[in-house]
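Reviewing the structure listed below.
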Amino acid sequence: MFARIRRILSQFFSKSRTINNEPLNKVSLTVIIIIDIFILINVFTGLDDISRWHISPTEAYPCYSEWQNYRTKTTKDKDYEIVRLSLSSYTNNQFSFRGNYQQAEAGHLGKVSQTCLQYADYKDKINNLEKQQIIKTIEQKQAKISRLEQANSTIKSQYDSTLLEKIAGQSREQSINQVSAEKAKQALEQNNRQISTLKQETFTLKNEILAKPESISFIAFLKDDSRFQEVDKGYQQASFWYPSIQLGFQSLFLLPLIFIALSVHKFAQRRGYGLVSLISWHLLVIFFIPLIVKIFEFLQIGAIFKFLFDIVSAIFGGLLFLINYLYILLIPVIGFGIIQFFQKFVFNAKVQAASRVQKSRCVNCAKKIRHLDTYCPHCGYYQYIECHNCHNLTYKHLSYCKHCGTSQVSSNL
């Protein structure tokens, strides 16, 4: 197997830098490499664009993340927080959460979840100028509370220092603090009263928002388990299949290009168009590189990974490192399949030899030779092999003896 791999690699590099078995000059090779890089960049750009043709799970279920966070929160203000998120800072009357959700459908395949669109409708009903003004007032009061608490922290540190100075009998003129202990205490009490009043006002405003009919309806909708389970199930299914859908579209983009490049390459080889054969070969390699990369990416995050993950989890519990063992076994199998593909369709010596013998060309380097030449004058390759049946010389790599018609498959191995 290793000898076969070495032979394929040798043929690969030979095909990549020769025209009709003649090496390319440095300028031509540089030009071809620049073209390769340019095409490869465009191929990856096209793959990125087509992979986003179908909307992602996040775009199909835009309410899922916010809704899940609400259900997992345990804070007492979670109802207010979810309502506050529904109050957009946009002053444009044209803005709506429903329209924002549906923008993902424009120019893409797939639909946004109807439940999430209902979720957006509830948010749109909440979002109005009156509630936006209340939210603005609450934020102003909370900012003032923060400033007062910061001031209290500073005063407390000075108060403690001043109190120690007073106990020690130090005079007021020698104090390092700007206020006396009595004044600091008065300031603390005054600030605490303001903080208490502001917190009560903030609490009242929050309850005012939550008491609105549209807020009550929205909270009831959020607490509906059946609705959330529907969204959760849809999101999980979409997340499971999305990598497969992406790989499908990427394959749809690459496979026609691979087929065209392979067809042109075979045609150019048959006709002896060296430059066309070289360029089409480079294109074939360039188109295969992203496909192989995307397949390996899919194996790490796609449906196959999920399938293996579930099997390992069910059988071995927490021994998830066993997935790596499965990949260690799986990847060589895939590599072997790729090698077999190239061996059968791209580097098939029998197909190449049959075409070259018909055109009186060397079965190794494809250059023109005379009909009776046993060695190629260009590369020195011996053209014949002894038939194991009639013991006459027949062409290498061809399936049957030209004298007795006996199969030469075993002889050519």
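Chain labels A, B, ... are given in the sequence in which chains occur in the structure tokens; within each chain residues are numbered consecutively from 1, and ligands are likewise numbered from 1 in the order shown.
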Subject >> All residues 12 Å or closer to Cys362 in chain A, only C-alpha atoms, same chain fewer than 3 positions away omitted, as an NGL selection string >> reply: :A and (20-21 or 352-359 or 365-384 or 395-397)
Original post:
Any idea what's packed within 12 Å of Leu283 in chain A, counting only C-alpha atoms, ignoring anything in its chain fewer than 6 positions away? Could you give it as a list in words?
Top reply: Ser16, Ile32, Ile33, Ile35, Asp36, Ile37, Phe38, Ile39, Leu40, Val43, Leu254, Leu257, Ile258, Phe259, Ile260, Ala261, Leu262, Ser263, Val264, His265, Val276, Ser277, Ile289 and Pro290 of chain A
Restrict the selected residues to C-alpha atoms and save them as an mmCIF file, in the first residue's frame.
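Result file is again.cif:
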```cif
data_model
loop_
_atom_site.group_PDB
_atom_site.id
_atom_site.type_symbol
_atom_site.label_atom_id
_atom_site.label_comp_id
_atom_site.auth_asym_id
_atom_site.auth_seq_id
_atom_site.Cartn_x
_atom_site.Cartn_y
_atom_site.Cartn_z
ATOM 1 C CA SER A 16 1.477 19.092 -11.799
ATOM 2 C CA ILE A 32 0.063 28.732 -13.007
ATOM 3 C CA ILE A 33 0.552 28.908 -9.221
ATOM 4 C CA ILE A 35 -3.820 31.362 -11.189
ATOM 5 C CA ASP A 36 -4.293 28.434 -8.776
ATOM 6 C CA ILE A 37 -4.274 30.745 -5.753
ATOM 7 C CA PHE A 38 -6.743 33.153 -7.362
ATOM 8 C CA ILE A 39 -9.144 30.337 -8.294
ATOM 9 C CA LEU A 40 -8.820 28.692 -4.869
ATOM 10 C CA VAL A 43 -13.796 28.700 -4.753
ATOM 11 C CA LEU A 254 -18.034 21.688 -6.253
ATOM 12 C CA LEU A 257 -16.673 21.825 -11.356
ATOM 13 C CA ILE A 258 -14.846 18.575 -10.535
ATOM 14 C CA PHE A 259 -16.750 16.709 -13.243
ATOM 15 C CA ILE A 260 -16.004 19.370 -15.884
ATOM 16 C CA ALA A 261 -12.306 19.573 -14.930
ATOM 17 C CA LEU A 262 -11.987 15.763 -14.973
ATOM 18 C CA SER A 263 -13.739 15.505 -18.359
ATOM 19 C CA VAL A 264 -11.556 18.216 -19.918
ATOM 20 C CA HIS A 265 -8.442 16.589 -18.460
ATOM 21 C CA VAL A 276 -4.964 22.110 -21.535
ATOM 22 C CA SER A 277 -4.260 18.833 -19.745
ATOM 23 C CA ILE A 289 -8.978 20.483 -1.890
ATOM 24 C CA PRO A 290 -12.049 22.413 -0.568
#
```
**OP:** Go through range 23-188 of chain A and collect every residue that DSSP, computed from the backbone, puts in alpha helix (DSSP H); the answer should be as a ChimeraX atom specification.
**Re:** /A:26-51,57-60,64-72,78-85,97-102,114-126,129-167,181-188
Original post:
Between CA of Val231 in chain A and CA of Phe249 in chain A, what is the spacing in Å?
Top reply: 25.2 Å
Compile the contact shell of Ile209 in chain A as a compact mmCIF listing (two decimals) with N, CA and C atoms, in the first residue's frame: residues with an atom at most 9 Å away, counting only C-alpha atoms, same-chain residues fewer than 4 positions apart removed.
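Everything below was put into selection.txt:
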```txt
# COMPACT_ATOMS: atom_id res chain seq x y z
N TYR A 80 -39.38 41.56 34.29
CA TYR A 80 -39.10 42.93 33.85
C TYR A 80 -37.99 42.96 32.81
N VAL A 83 -39.21 41.96 29.38
CA VAL A 83 -40.05 43.02 28.81
C VAL A 83 -39.18 44.19 28.37
N LYS A 131 -43.90 53.17 27.00
CA LYS A 131 -43.08 52.26 27.79
C LYS A 131 -41.59 52.59 27.63
N ILE A 134 -40.90 55.20 30.13
CA ILE A 134 -40.83 54.66 31.50
C ILE A 134 -39.49 53.97 31.72
N ILE A 135 -39.04 53.20 30.74
CA ILE A 135 -37.75 52.52 30.84
C ILE A 135 -36.62 53.54 30.99
N THR A 204 -42.05 50.69 41.63
CA THR A 204 -43.41 51.05 41.20
C THR A 204 -43.48 51.14 39.67
N LEU A 205 -42.47 51.76 39.07
CA LEU A 205 -42.46 51.89 37.61
C LEU A 205 -42.36 50.52 36.93
N SER A 215 -48.03 43.23 28.36
CA SER A 215 -46.95 42.60 29.11
C SER A 215 -47.43 41.30 29.75
```
Original post:
Got a sec: who's within 6 Å of range 97-108 of chain A, counting only C-alpha atoms, leaving out chain neighbours fewer than 4 positions off, as an MDAnalysis selection string?
Top reply: chainID A and resid 53:54 117 120
Subject >> Neighbour list for range 220-224 of chain A as an NGL selection string, cut-off 10 Å, only C-alpha atoms, skip fewer than 3 positions in-chain >> reply: :A and (67-68 or 70-71 or 79 or 82 or 118-119 or 122 or 214-217 or 227-229)
Generate a file of the selected residues that holds N, CA, C and O atoms, formatted as a short mmCIF file (atom, residue, chain, number, x, y, z; two decimals), in the first residue's frame.
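Below you can see part-v5.cif, which holds the result:
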```
data_model
loop_
_atom_site.label_atom_id
_atom_site.label_comp_id
_atom_site.auth_asym_id
_atom_site.auth_seq_id
_atom_site.Cartn_x
_atom_site.Cartn_y
_atom_site.Cartn_z
N TRP A 67 -35.48 33.28 24.78
CA TRP A 67 -36.53 32.56 25.50
C TRP A 67 -35.91 31.55 26.47
O TRP A 67 -36.35 31.41 27.61
N GLN A 68 -34.90 30.84 26.02
CA GLN A 68 -34.23 29.86 26.88
C GLN A 68 -33.57 30.54 28.08
O GLN A 68 -33.65 30.05 29.22
N TYR A 70 -34.51 33.26 29.50
CA TYR A 70 -35.60 33.66 30.42
C TYR A 70 -36.02 32.49 31.30
O TYR A 70 -36.20 32.63 32.50
N ARG A 71 -36.15 31.31 30.69
CA ARG A 71 -36.64 30.16 31.44
C ARG A 71 -35.61 29.61 32.43
O ARG A 71 -35.97 28.99 33.43
N ASP A 79 -38.96 38.84 34.75
CA ASP A 79 -40.09 39.28 33.93
C ASP A 79 -39.86 40.69 33.40
O ASP A 79 -40.11 40.98 32.22
N ILE A 82 -37.07 40.70 30.59
CA ILE A 82 -37.50 40.23 29.27
C ILE A 82 -38.39 41.26 28.59
O ILE A 82 -38.34 41.44 27.37
N GLN A 118 -44.83 34.72 16.30
CA GLN A 118 -45.81 35.11 17.33
C GLN A 118 -45.10 35.79 18.50
O GLN A 118 -45.60 36.77 19.06
N TYR A 119 -43.95 35.25 18.87
CA TYR A 119 -43.12 35.85 19.92
C TYR A 119 -42.79 37.30 19.55
O TYR A 119 -42.87 38.21 20.39
N TYR A 122 -45.80 39.68 19.99
CA TYR A 122 -45.99 40.12 21.37
C TYR A 122 -45.02 41.24 21.72
O TYR A 122 -45.39 42.21 22.40
N GLU A 214 -50.57 43.98 27.50
CA GLU A 214 -49.68 43.36 26.53
C GLU A 214 -48.50 42.66 27.22
O GLU A 214 -48.00 41.63 26.76
N SER A 215 -48.03 43.23 28.36
CA SER A 215 -46.95 42.60 29.11
C SER A 215 -47.43 41.30 29.75
O SER A 215 -46.72 40.29 29.75
N ILE A 216 -48.64 41.35 30.31
CA ILE A 216 -49.21 40.15 30.94
C ILE A 216 -49.37 39.03 29.91
O ILE A 216 -49.04 37.86 30.17
N SER A 217 -49.83 39.38 28.70
CA SER A 217 -50.00 38.37 27.64
C SER A 217 -48.67 37.78 27.21
O SER A 217 -48.55 36.57 26.99
N ARG A 227 -45.37 25.64 24.00
CA ARG A 227 -44.82 26.53 22.97
C ARG A 227 -43.30 26.48 22.97
O ARG A 227 -42.66 26.38 21.91
N PHE A 228 -42.72 26.55 24.16
CA PHE A 228 -41.26 26.52 24.22
C PHE A 228 -40.71 25.17 23.77
O PHE A 228 -39.69 25.12 23.07
N GLN A 229 -41.36 24.09 24.16
CA GLN A 229 -40.89 22.77 23.74
C GLN A 229 -40.93 22.62 22.23
O GLN A 229 -40.05 21.99 21.62
#
```
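From CA of Asn392 in chain A back to CA of Val409 in chain A, the distance works out to 15.6 Å.
For the pair CA of Leu24 in chain A and CA of Leu278 in chain A, the interatomic distance is 10.1 Å.
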